[in-house]
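Colleague: I am sharing upload_16.txt, which consists of compact mmCIF, C-alpha atoms:
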# COMPACT_ATOMS: atom_id res chain seq x y z
CA GLN A 1 -9.81 -6.28 -9.95
CA GLY A 2 -8.79 -9.43 -11.77
CA VAL A 3 -9.54 -9.80 -15.47
CA ALA A 4 -11.16 -13.14 -16.24
CA MET A 5 -10.53 -14.88 -19.57
CA SER A 6 -12.53 -17.72 -21.07
CA SER A 7 -10.88 -20.79 -22.60
CA ALA A 8 -11.20 -19.09 -25.97
CA GLY A 9 -9.21 -16.11 -24.71
CA ARG A 10 -12.15 -13.68 -24.54
CA MET A 11 -12.98 -11.64 -21.47
CA SER A 12 -15.78 -13.24 -19.48
CA SER A 13 -18.38 -11.26 -17.52
CA LYS A 14 -19.53 -14.40 -15.72
CA MET A 15 -16.33 -15.21 -13.86
CA ASN A 16 -16.61 -14.75 -10.09
CA ALA A 17 -13.91 -12.19 -9.36
CA THR A 18 -13.82 -13.15 -5.68
CA LEU A 19 -13.01 -16.77 -6.48
CA LEU A 20 -10.41 -15.62 -9.02
CA THR A 21 -8.71 -13.59 -6.30
CA HIS A 22 -8.80 -16.51 -3.87
CA GLU A 23 -7.00 -18.67 -6.42
CA THR A 24 -4.16 -16.16 -6.85
CA THR A 25 -3.56 -15.14 -3.23
CA HIS A 26 0.05 -14.72 -2.08
CA PHE A 27 1.37 -14.14 1.42
CA ILE A 28 4.60 -12.57 2.60
CA PRO A 29 6.71 -15.27 4.30
CA PRO A 30 5.73 -15.61 7.99
CA ARG A 31 9.33 -15.14 9.10
CA HIS A 32 9.33 -11.59 7.81
CA ARG A 33 8.14 -9.88 11.01
CA ARG A 34 9.44 -6.78 12.66
CA ARG A 35 10.64 -8.51 15.81
CA THR A 36 12.71 -11.05 13.86
CA MET A 37 13.76 -9.00 10.84
CA ALA A 38 17.16 -8.22 12.27
CA PHE A 39 17.91 -11.95 12.49
CA PRO A 40 16.48 -13.71 9.39
CA ALA A 41 17.15 -17.41 9.07
CA ALA A 42 20.20 -18.14 6.93
CA ASP A 43 18.22 -20.72 4.95
CA ASP A 44 15.39 -18.29 4.08
CA PRO A 45 16.59 -16.26 1.06
CA VAL A 46 13.24 -14.51 0.58
CA ALA A 47 13.10 -13.22 4.16
CA THR A 48 16.76 -12.20 3.97
CA ALA A 49 16.08 -10.27 0.75
CA LEU A 50 13.06 -8.55 2.33
CA VAL A 51 15.18 -7.37 5.26
CA SER A 52 17.76 -5.85 2.91
CA LEU A 53 15.06 -4.39 0.66
CA GLU A 54 13.30 -2.70 3.55
CA ALA A 55 16.62 -1.22 4.68
CA ALA A 56 17.21 0.11 1.15
CA PHE A 57 13.75 1.69 1.05
CA GLY A 58 14.42 3.23 4.45
CA ARG A 59 17.67 4.78 3.24
CA SER A 60 15.79 6.51 0.42
CA ARG A 61 13.99 8.57 3.08
CA ARG A 62 17.26 9.87 4.49
CA PRO A 63 19.18 11.51 1.63
CA THR A 64 21.89 14.11 2.13
CA VAL A 65 21.23 17.79 1.49
CA ALA A 66 23.24 17.51 -1.74
CA GLN A 67 21.17 14.54 -2.90
CA CYS A 68 17.95 16.45 -2.19
CA ASP A 69 19.16 19.40 -4.25
CA LYS A 70 20.55 17.38 -7.16
CA HIS A 71 18.24 14.36 -7.42
CA GLY A 72 14.94 15.44 -5.89
CA VAL A 73 11.79 14.65 -7.89
CA ARG A 74 8.05 14.71 -7.34
CA LEU A 75 5.97 11.63 -8.00
CA ALA A 76 3.30 12.07 -10.67
CA PHE A 77 0.04 10.31 -9.87
CA ARG A 78 -3.71 10.52 -10.39
CA GLU A 79 -6.07 11.27 -7.53
CA GLY A 80 -9.15 9.09 -7.14
CA GLY A 81 -10.50 7.16 -4.19
CA PHE A 82 -8.03 7.28 -1.32
CA GLY A 83 -7.01 3.63 -1.76
CA SER A 84 -6.45 3.97 -5.50
CA THR A 85 -4.63 7.27 -4.92
CA LEU A 86 -2.17 5.59 -2.58
CA ASN A 87 -1.75 2.65 -4.96
CA ALA A 88 -1.03 5.12 -7.78
CA LEU A 89 2.16 6.10 -5.93
CA VAL A 90 3.75 2.66 -6.35
CA LYS A 91 4.95 2.95 -9.96
CA PRO A 92 6.37 6.51 -9.70
CA MET A 93 8.09 5.56 -6.44
CA LEU A 94 9.52 2.41 -8.02
CA HIS A 95 10.78 4.46 -10.97
CA ALA A 96 12.40 7.02 -8.66
CA LEU A 97 14.18 4.34 -6.62
CA LEU A 98 15.50 2.57 -9.73
CA HIS A 99 16.82 5.85 -11.17
CA SER A 100 18.54 7.06 -7.99
CA LYS A 101 16.04 9.88 -7.48
CA VAL A 102 14.98 11.35 -4.14
CA PRO A 103 11.18 11.53 -3.67
CA LEU A 104 10.12 14.99 -2.50
CA GLY A 105 6.36 14.57 -2.62
CA ALA A 106 3.54 13.76 -5.03
CA GLN A 107 1.06 15.67 -7.14
CA SER A 108 -1.22 15.17 -10.15
CA GLY A 109 0.79 14.49 -13.29
CA GLU A 110 0.60 16.42 -16.55
CA SER A 111 -1.83 14.82 -19.01
CA GLU A 112 -0.88 16.74 -22.17
CA GLY A 113 2.18 16.31 -24.37
CA SER A 114 3.96 13.72 -26.50
CA ARG A 115 5.06 10.24 -25.45
CA GLY A 116 8.67 11.45 -25.34
CA PHE A 117 7.70 14.35 -23.09
CA HIS A 118 5.99 12.01 -20.64
CA GLN A 119 8.92 9.59 -20.52
CA ARG A 120 11.49 12.11 -19.31
CA TYR A 121 11.76 14.32 -16.26
CA ASN A 122 10.62 17.90 -16.77
CA MET A 123 10.42 20.83 -14.36
CA PHE A 124 6.99 21.53 -12.85
CA ARG A 125 5.89 23.98 -10.20
CA ALA A 126 4.46 22.59 -6.97
CA GLN A 127 0.69 22.06 -7.02
CA PRO A 128 -1.72 21.34 -4.15
CA LEU A 129 -3.84 18.21 -4.19
CA ASP A 130 -7.26 18.49 -5.83
CA LEU A 131 -9.33 16.05 -3.77
CA PHE A 132 -7.47 15.43 -0.53
CA ARG A 133 -6.95 18.88 0.89
CA ASN A 134 -8.52 20.88 3.67
CA LYS A 135 -6.55 24.02 4.36
CA SER A 136 -8.45 24.68 7.58
CA LYS A 137 -7.01 21.44 9.00
CA CYS A 138 -3.73 21.07 7.08
CA GLU A 139 -1.73 23.99 5.73
CA SER A 140 0.43 22.02 3.29
CA GLU A 141 -2.47 20.76 1.09
CA SER A 142 -0.34 17.72 0.25
CA LEU A 143 -0.22 14.02 1.08
CA GLU A 144 1.76 15.03 4.16
CA CYS A 145 -1.62 15.88 5.69
CA PHE A 146 -2.08 12.09 5.88
CA LEU A 147 1.33 10.47 5.51
CA GLU A 148 4.85 11.00 6.76
CA PRO A 149 7.10 12.90 4.32
CA LEU A 150 8.63 10.73 1.60
CA SER A 151 12.09 12.06 2.50
CA ASN A 152 13.86 14.27 5.02
CA CYS A 153 14.51 17.02 2.44
CA SER A 154 13.61 20.57 3.47
CA ASP A 155 10.01 21.80 3.62
CA GLU A 156 10.82 24.28 0.88
CA LEU A 157 11.95 21.55 -1.52
CA ARG A 158 9.20 19.08 -0.63
CA LEU A 159 6.23 21.44 -0.68
CA ARG A 160 6.93 24.67 -2.52
CA SER A 161 9.87 24.69 -4.93
CA PRO A 162 9.57 23.64 -8.60
CA ALA A 163 10.89 20.11 -9.11
CA LEU A 164 11.49 17.51 -11.79
CA MET A 165 8.62 15.12 -12.51
CA LEU A 166 7.69 12.57 -15.15
CA GLY A 167 4.55 13.09 -17.20
CA GLY A 168 1.53 11.43 -15.68
CA ARG A 169 0.43 9.44 -18.73
CA PHE A 170 3.65 7.41 -19.02
CA LEU A 171 3.39 5.93 -15.54
CA GLU A 172 -0.33 5.24 -15.92
CA ILE A 173 0.36 3.13 -19.01
CA ALA A 174 3.72 1.57 -18.09
CA SER A 175 3.71 -1.73 -16.20
CA ASN A 176 5.86 -2.49 -13.17
CA ALA A 177 7.87 -4.83 -15.40
CA HIS A 178 8.49 -2.01 -17.90
CA ILE A 179 9.69 0.28 -15.12
CA ILE A 180 12.01 -2.42 -13.79
CA ASP A 181 13.41 -3.04 -17.29
CA SER A 182 14.18 0.69 -17.63
CA ALA A 183 16.28 0.79 -14.44
CA ARG A 184 19.73 2.37 -14.48
CA PRO A 185 22.74 0.02 -14.31
CA SER A 186 23.56 1.41 -10.88
CA ALA A 187 20.28 -0.09 -9.63
CA ARG A 188 21.50 -3.65 -10.19
CA PRO A 189 21.93 -4.45 -6.44
CA LEU A 190 18.38 -3.23 -5.76
CA LEU A 191 17.03 -5.22 -8.71
CA GLU A 192 18.71 -8.37 -7.43
CA LEU A 193 17.06 -7.92 -4.05
CA MET A 194 13.68 -7.42 -5.75
CA GLU A 195 14.16 -10.55 -7.81
CA ARG A 196 15.03 -12.62 -4.73
CA ALA A 197 12.12 -11.19 -2.74
CA GLY A 198 9.61 -11.73 -5.54
CA HIS A 199 7.33 -9.24 -7.26
CA PHE A 200 4.40 -9.50 -4.85
CA ASN A 201 6.59 -9.14 -1.76
CA THR A 202 8.47 -6.20 -3.29
CA ILE A 203 5.32 -4.24 -4.14
CA SER A 204 3.75 -5.06 -0.75
CA LEU A 205 6.85 -3.78 1.02
CA LEU A 206 6.92 -0.66 -1.15
CA LEU A 207 3.30 0.10 -0.27
CA ALA A 208 4.06 -0.36 3.43
CA HIS A 209 7.02 2.00 2.99
CA LEU A 210 4.77 4.63 1.37
CA ILE A 211 1.77 4.37 3.68
CA ARG A 212 3.18 5.65 6.96
CA PRO A 213 0.51 7.72 8.77
CA SER A 214 1.37 11.26 9.80
CA ALA A 215 1.45 12.17 13.49
CA ALA A 216 -2.05 13.68 13.28
CA VAL A 217 -3.47 10.57 11.59
CA ARG A 218 -1.69 8.27 14.06
CA SER A 219 -3.36 10.15 16.90
CA ARG A 220 -6.79 9.77 15.31
CA LEU A 221 -6.14 6.09 14.62
CA ALA A 222 -5.17 5.49 18.25
CA ARG A 223 -8.39 7.16 19.40
CA ALA A 224 -10.50 5.11 16.96
CA LYS A 225 -8.81 1.89 18.09
CA ARG A 226 -9.59 2.62 21.70
CA LEU A 227 -13.26 3.14 20.82
CA LEU A 228 -13.31 -0.15 18.90
CA GLY A 229 -11.67 -2.13 21.69
CA TRP A 230 -8.62 -2.85 19.53
CA PRO A 231 -6.19 -5.24 21.28
CA ASP A 232 -3.38 -3.46 23.09
CA LEU A 233 -0.16 -4.59 21.42
CA SER A 234 2.18 -2.36 23.47
CA ALA A 235 3.12 -5.29 25.69
CA TRP A 236 4.50 -7.10 22.63
CA ALA A 237 7.13 -4.56 21.63
CA ILE A 238 9.74 -5.42 19.03
CA HIS A 239 12.27 -8.01 20.23
CA THR A 240 10.69 -8.25 23.72
CA ALA A 241 8.32 -11.20 23.33
CA PRO A 242 8.14 -14.44 21.36
CA ARG A 243 6.39 -14.05 18.02
CA HIS A 244 3.72 -16.64 18.80
CA SER A 245 2.56 -14.75 21.92
CA ARG A 246 1.59 -11.57 20.06
CA PRO A 247 -2.06 -11.26 18.96
CA LEU A 248 -2.76 -11.32 15.23
CA VAL A 249 -5.17 -8.75 13.75
CA ILE A 250 -6.64 -9.63 10.34
CA GLY A 251 -8.31 -6.79 8.45
CA VAL A 252 -11.26 -7.49 6.16
CA HIS A 253 -12.61 -4.76 3.88
CA LEU A 254 -16.04 -5.65 2.50
CA ARG A 255 -17.18 -2.87 0.22
CA ALA A 256 -20.76 -2.79 -1.02
CA GLY A 257 -22.83 0.38 -1.44
CA ASP A 258 -22.19 2.27 -4.67
CA SER A 259 -19.62 -0.28 -5.85
CA CYS A 260 -22.38 -2.89 -6.10
CA ALA A 261 -24.78 -0.78 -8.16
CA ARG A 262 -25.64 -2.23 -11.58
CA GLU A 263 -23.57 0.36 -13.44
CA ALA A 264 -20.52 -0.27 -11.26
CA LEU A 265 -20.82 -4.04 -11.60
CA GLY A 266 -20.83 -3.77 -15.38
CA ARG A 267 -17.95 -1.30 -15.49
CA HIS A 268 -15.60 -3.23 -13.18
CA ASN A 269 -16.56 -6.83 -14.01
CA ARG A 270 -16.64 -7.45 -10.28
CA THR A 271 -18.91 -9.47 -8.02
CA CYS A 272 -20.41 -8.48 -4.68
CA GLU A 273 -20.24 -11.29 -2.17
CA PRO A 274 -21.55 -11.82 1.38
CA LEU A 275 -19.21 -12.02 4.35
CA SER A 276 -19.08 -15.82 4.07
CA ALA A 277 -17.18 -15.51 0.76
CA TYR A 278 -14.31 -13.81 2.59
CA LEU A 279 -13.94 -16.43 5.30
CA PRO A 280 -11.75 -18.88 3.31
CA ALA A 281 -9.14 -16.11 2.92
CA VAL A 282 -9.41 -15.28 6.64
CA ARG A 283 -8.81 -18.93 7.47
CA ARG A 284 -5.78 -19.03 5.16
CA LEU A 285 -4.28 -16.01 6.87
CA GLU A 286 -4.96 -17.58 10.26
CA ARG A 287 -3.21 -20.80 9.21
CA ALA A 288 -0.27 -18.89 7.71
CA TYR A 289 0.35 -16.49 10.60
CA GLY A 290 -1.83 -17.35 13.58
CA GLU A 291 -0.50 -20.61 14.99
CA GLY A 292 -0.74 -20.44 18.78
CA ARG A 293 -1.84 -16.80 18.70
CA GLN A 294 -4.99 -14.95 19.70
CA VAL A 295 -6.64 -13.86 16.43
CA TYR A 296 -8.76 -10.72 16.01
CA VAL A 297 -10.72 -9.81 12.89
CA TYR A 298 -11.36 -6.17 12.05
CA LEU A 299 -14.24 -5.79 9.59
CA ALA A 300 -14.54 -2.48 7.75
CA THR A 301 -17.72 -2.35 5.68
CA ASP A 302 -20.49 -0.09 4.47
CA ASP A 303 -22.86 -3.07 4.30
CA GLU A 304 -25.26 -3.46 7.24
CA ALA A 305 -25.97 -7.08 6.26
CA ALA A 306 -22.28 -7.97 6.53
CA ALA A 307 -22.05 -6.24 9.91
CA ALA A 308 -25.10 -8.17 11.11
CA ASP A 309 -23.55 -11.45 9.89
CA ALA A 310 -20.37 -10.65 11.81
CA ARG A 311 -22.33 -9.98 15.00
CA ALA A 312 -24.25 -13.24 14.56
CA MET A 313 -20.99 -15.20 14.30
CA GLY A 314 -20.04 -14.08 17.79
CA PRO A 315 -16.49 -14.68 19.05
CA ALA A 316 -15.52 -16.97 16.17
CA VAL A 317 -15.43 -16.20 12.48
CA GLY A 318 -15.78 -19.32 10.36
CA GLY A 319 -13.58 -21.35 12.70
CA VAL A 320 -11.00 -18.63 13.38
CA GLY A 321 -10.79 -18.03 17.10
CA GLY A 322 -10.72 -14.53 18.45
CA HIS A 323 -12.78 -11.38 18.66
CA VAL A 324 -14.69 -9.60 15.91
CA GLU A 325 -14.73 -5.84 15.55
CA GLU A 326 -17.10 -4.44 12.95
CA ARG A 327 -17.36 -0.98 11.43
CA ALA A 328 -20.62 -0.45 9.57
CA ALA A 329 -21.84 2.44 7.45
CA GLY A 330 -21.79 5.68 9.37
CA ALA A 331 -19.91 4.20 12.33
What does this structure look like when you write it as structure tokens?
Modeller:
Amino acid sequence: QGVAMSSAGRMSSKMNATLLTHETTHFIPPRHRRRTMAFPAADDPVATALVSLEAAFGRSRRPTVAQCDKHGVRLAFREGGFGSTLNALVKPMLHALLHSKVPLGAQSGESEGSRGFHQRYNMFRAQPLDLFRNKSKCESESLECFLEPLSNCSDELRLRSPALMLGGRFLEIASNAHIIDSARPSARPLLELMERAGHFNTISLLLAHLIRPSAAVRSRLARAKRLLGWPDLSAWAIHTAPRHSRPLVIGVHLRAGDSCAREALGRHNRTCEPLSAYLPAVRRLERAYGEGRQVYVYLATDDEAAAADARAMGPAVGGVGGHVEERAAGA
């Protein structure tokens, strides 16, 4: 959530957080697409940096056996809602990459100890997740129940052996800028790529690198997409079709429910808006990426009113051509 400040510098509870977000929206350059990544335009330094940055992130998943043994670490994070849990991986992953560490996995970080203790790597035994585990469905009790492994290190190292890990409190408090400033000199080439790509693009790419569904989750996603009538993109495989011919799917998450209760509104300084408040951002995405393409909008919401509004809009959402798929509470 954005933090709104009045002209006097005080936090304001009256600022519309949705409008604040609309005013600070950033998009990854349209040229950065999987089918054209291997051939970025020479005059597009941001896209070129993103290609190199994605390759560097990919290499971090394929360390040697010696690198796994010598530089393997676990990422300390705090479990919460699934979205915030995944987002909590960004800073520890960024720290690991900038200190030439190999990510083995992730678990809840230690909350006790001094500042100095939390700012250095210490040995911790492997711990299962607290919230996201179901041993009847997934033996490992780790994020690998949902995501691909963070590296190709052995199962023993990733899931069971003691490993180095930073204290949890340091990474909760430290900013991305602080972590970048603490990078080792050997990380200079990576830092230069991050600077050329820009902060937003770097963090977006890092999240995409982290959030790779496991085989079991991919199977469930494919089944859910078939039930929803998701457009079949298999005919537009990488490098086999012009970019403009591939359909564009825009995802909209409209959360209401408990997040719009009075207590939650006061705690988060957020606003709860109808579907119409999201349409300007949908249009911006359509203009940025959808020229000459069939556009689909996937609406994920727990708000029946928003789902009803989407149905009423029919095959067009606020001027964006295409098909609307909605997912209401309990669907």
Colleague: Determine, counting all atoms listed in the file, which protein, DNA and RNA residues have an atom within 9 Å of an atom of A:Val217; residues of the same chain fewer than 4 positions away are not included. Present the result as a ChimeraX atom specification.
Modeller: /A:145-147,213,221-222
Colleague: Put those residues in a file: C-alpha atoms, as a PDB file, in the frame of the given file.
Modeller:
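again.pdb was written with the following content:
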ATOM      1  CA  CYS A 145      -1.620  15.880   5.690  1.00  0.00           C
ATOM      2  CA  PHE A 146      -2.080  12.090   5.880  1.00  0.00           C
ATOM      3  CA  LEU A 147       1.330  10.470   5.510  1.00  0.00           C
ATOM      4  CA  PRO A 213       0.510   7.720   8.770  1.00  0.00           C
ATOM      5  CA  LEU A 221      -6.140   6.090  14.620  1.00  0.00           C
ATOM      6  CA  ALA A 222      -5.170   5.490  18.250  1.00  0.00           C
TER       7      ALA A 222
END
Colleague: Dump as a PDB file with C-alpha atoms, in the frame of the given file all residues having an atom at most 6 Å from (10.4, 10.2, 6.2), computed in the file's coordinates with all atoms listed in the file.
Modeller:
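Output below, filename result_2.pdb:
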ATOM      1  CA  ARG A  61      13.990   8.570   3.080  1.00  0.00           C
ATOM      2  CA  GLU A 148       4.850  11.000   6.760  1.00  0.00           C
ATOM      3  CA  PRO A 149       7.100  12.900   4.320  1.00  0.00           C
ATOM      4  CA  LEU A 150       8.630  10.730   1.600  1.00  0.00           C
ATOM      5  CA  SER A 151      12.090  12.060   2.500  1.00  0.00           C
ATOM      6  CA  ASN A 152      13.860  14.270   5.020  1.00  0.00           C
TER       7      ASN A 152
END
Colleague: Measuring atom to atom with only C-alpha atoms, identify which of A:His199, A:Glu273, A:Pro247, A:Ala310 is nearest to A:Glu286.
Modeller: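 For A:Glu286, the nearest of the candidates is A:Pro247.
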Colleague: Skip A:Ala177 itself and residues of its chain fewer than 5 positions away, then list as a PyMOL selection string all residues within 12 Å of it, counting only C-alpha atoms.
Modeller: chain A and resi 91+94-95+171+182-183+191+194-195+199+203
Colleague: Let me make sure I understand: among A:Arg226, A:Gln127, A:Arg188, A:Val102, which one has the smallest atom-to-atom distance to A:Ser60 if we use only C-alpha atoms?
Modeller: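 Using only C-alpha atoms, A:Ser60 sits closest to A:Val102.
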Colleague: Write out as an mmCIF file with C-alpha atoms, in the coordinates of the input each polymer residue whose atoms come within 10 Å of A:Pro128, counting all atoms listed in the file; drop sequence neighbours fewer than 2 positions from it.
Modeller:
data_model
loop_
_atom_site.group_PDB
_atom_site.id
_atom_site.type_symbol
_atom_site.label_atom_id
_atom_site.label_comp_id
_atom_site.auth_asym_id
_atom_site.auth_seq_id
_atom_site.Cartn_x
_atom_site.Cartn_y
_atom_site.Cartn_z
ATOM 1 C CA ALA A 106 3.540 13.760 -5.030
ATOM 2 C CA GLN A 107 1.060 15.670 -7.140
ATOM 3 C CA SER A 108 -1.220 15.170 -10.150
ATOM 4 C CA ALA A 126 4.460 22.590 -6.970
ATOM 5 C CA ASP A 130 -7.260 18.490 -5.830
ATOM 6 C CA LEU A 131 -9.330 16.050 -3.770
ATOM 7 C CA PHE A 132 -7.470 15.430 -0.530
ATOM 8 C CA ARG A 133 -6.950 18.880 0.890
ATOM 9 C CA SER A 140 0.430 22.020 3.290
ATOM 10 C CA GLU A 141 -2.470 20.760 1.090
ATOM 11 C CA SER A 142 -0.340 17.720 0.250
ATOM 12 C CA LEU A 143 -0.220 14.020 1.080
ATOM 13 C CA LEU A 159 6.230 21.440 -0.680
ATOM 14 C CA ARG A 160 6.930 24.670 -2.520
#
Colleague: Using only C-alpha atoms, which of the listed residues (A:Arg62, A:Glu172, A:Glu304, A:Ser219) sits closest to A:Thr85?
Modeller: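 Under the stated criterion, the closest residue is A:Glu172.
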Colleague: Find the residue from A:Cys272, A:Ala224, A:Ala312, A:Leu193 that sits nearest to A:Cys260; use all atoms listed in the file when measuring.
Modeller: A:Cys272
Colleague: Rounded to one decimal place, report the atom CA of A:Leu164-atom CA of A:Leu50 distance in Å.
Modeller: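 About the pair atom CA of A:Leu164 and atom CA of A:Leu50: they are 29.7 Å apart.
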Colleague: In terms of the shortest atom-to-atom distance over only C-alpha atoms, which of A:Ser100, A:Thr48, A:Ser154, A:Asn134 is closest to A:Asp69?
Modeller: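 Residue with the minimum atom-to-atom distance to A:Asp69: A:Ser154.
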Colleague: Using all atoms listed in the file, determine which residues lie at most 7 Å from A:Arg125, disregarding the query and same-chain residues fewer than 2 positions distant; provide the list as a PyMOL selection string.
Modeller: chain A and resi 123+127+161-163
Colleague: Show which residues sit within 12 Å of A:Ser186, as number ranges by chain. Count only C-alpha atoms, and ignore same-chain residues fewer than 6 positions away.
Modeller: A: 97-101, 192
Colleague: So, counting all atoms listed in the file, which residue among A:Arg158, A:Arg59, A:Arg283, A:Arg293 is closest to A:Arg246?
Modeller: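 So, comparing all the options, the nearest one is A:Arg293.
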Colleague: So how many Å separate atom CA of A:Gly198 and atom CA of A:His253, to one decimal?
Modeller: 25.1 Å
Colleague: Is it possible to add N, CA and C atoms to stretch 189-210 of chain A and hand it back as a short mmCIF file (atom, residue, chain, number, x, y, z; two decimals), in the frame of the given file?
Modeller:
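Dumped everything to selection05.cif:
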data_model
loop_
_atom_site.label_atom_id
_atom_site.label_comp_id
_atom_site.auth_asym_id
_atom_site.auth_seq_id
_atom_site.Cartn_x
_atom_site.Cartn_y
_atom_site.Cartn_z
N PRO A 189 22.08 -3.81 -7.76
CA PRO A 189 21.93 -4.45 -6.44
C PRO A 189 20.48 -4.43 -5.94
N LEU A 190 19.78 -3.32 -6.17
CA LEU A 190 18.38 -3.23 -5.76
C LEU A 190 17.52 -4.19 -6.56
N LEU A 191 17.78 -4.29 -7.86
CA LEU A 191 17.03 -5.22 -8.71
C LEU A 191 17.22 -6.66 -8.27
N GLU A 192 18.45 -7.00 -7.89
CA GLU A 192 18.71 -8.37 -7.43
C GLU A 192 17.94 -8.68 -6.17
N LEU A 193 17.86 -7.71 -5.26
CA LEU A 193 17.06 -7.92 -4.05
C LEU A 193 15.58 -8.11 -4.39
N MET A 194 15.07 -7.30 -5.33
CA MET A 194 13.68 -7.42 -5.75
C MET A 194 13.40 -8.78 -6.37
N GLU A 195 14.34 -9.25 -7.16
CA GLU A 195 14.16 -10.55 -7.81
C GLU A 195 14.13 -11.67 -6.77
N ARG A 196 15.01 -11.59 -5.79
CA ARG A 196 15.03 -12.62 -4.73
C ARG A 196 13.78 -12.55 -3.86
N ALA A 197 13.30 -11.34 -3.59
CA ALA A 197 12.12 -11.19 -2.74
C ALA A 197 10.85 -11.60 -3.47
N GLY A 198 10.82 -11.43 -4.77
CA GLY A 198 9.61 -11.73 -5.54
C GLY A 198 8.80 -10.47 -5.76
N HIS A 199 8.05 -10.44 -6.88
CA HIS A 199 7.33 -9.24 -7.26
C HIS A 199 6.28 -8.85 -6.22
N PHE A 200 5.47 -9.81 -5.80
CA PHE A 200 4.40 -9.50 -4.85
C PHE A 200 4.97 -8.94 -3.55
N ASN A 201 5.98 -9.59 -3.02
CA ASN A 201 6.59 -9.14 -1.76
C ASN A 201 7.21 -7.75 -1.91
N THR A 202 7.84 -7.50 -3.06
CA THR A 202 8.47 -6.20 -3.29
C THR A 202 7.43 -5.09 -3.29
N ILE A 203 6.34 -5.28 -4.04
CA ILE A 203 5.32 -4.24 -4.14
C ILE A 203 4.61 -4.06 -2.80
N SER A 204 4.37 -5.16 -2.08
CA SER A 204 3.75 -5.06 -0.75
C SER A 204 4.63 -4.24 0.19
N LEU A 205 5.93 -4.50 0.16
CA LEU A 205 6.85 -3.78 1.02
C LEU A 205 6.93 -2.31 0.63
N LEU A 206 6.88 -2.04 -0.68
CA LEU A 206 6.92 -0.66 -1.15
C LEU A 206 5.68 0.10 -0.70
N LEU A 207 4.52 -0.54 -0.75
CA LEU A 207 3.30 0.10 -0.27
C LEU A 207 3.40 0.40 1.23
N ALA A 208 3.89 -0.58 1.99
CA ALA A 208 4.06 -0.36 3.43
C ALA A 208 5.02 0.79 3.70
N HIS A 209 6.04 0.92 2.86
CA HIS A 209 7.02 2.00 2.99
C HIS A 209 6.36 3.36 2.71
N LEU A 210 5.44 3.39 1.75
CA LEU A 210 4.77 4.63 1.37
C LEU A 210 3.71 5.04 2.39
#
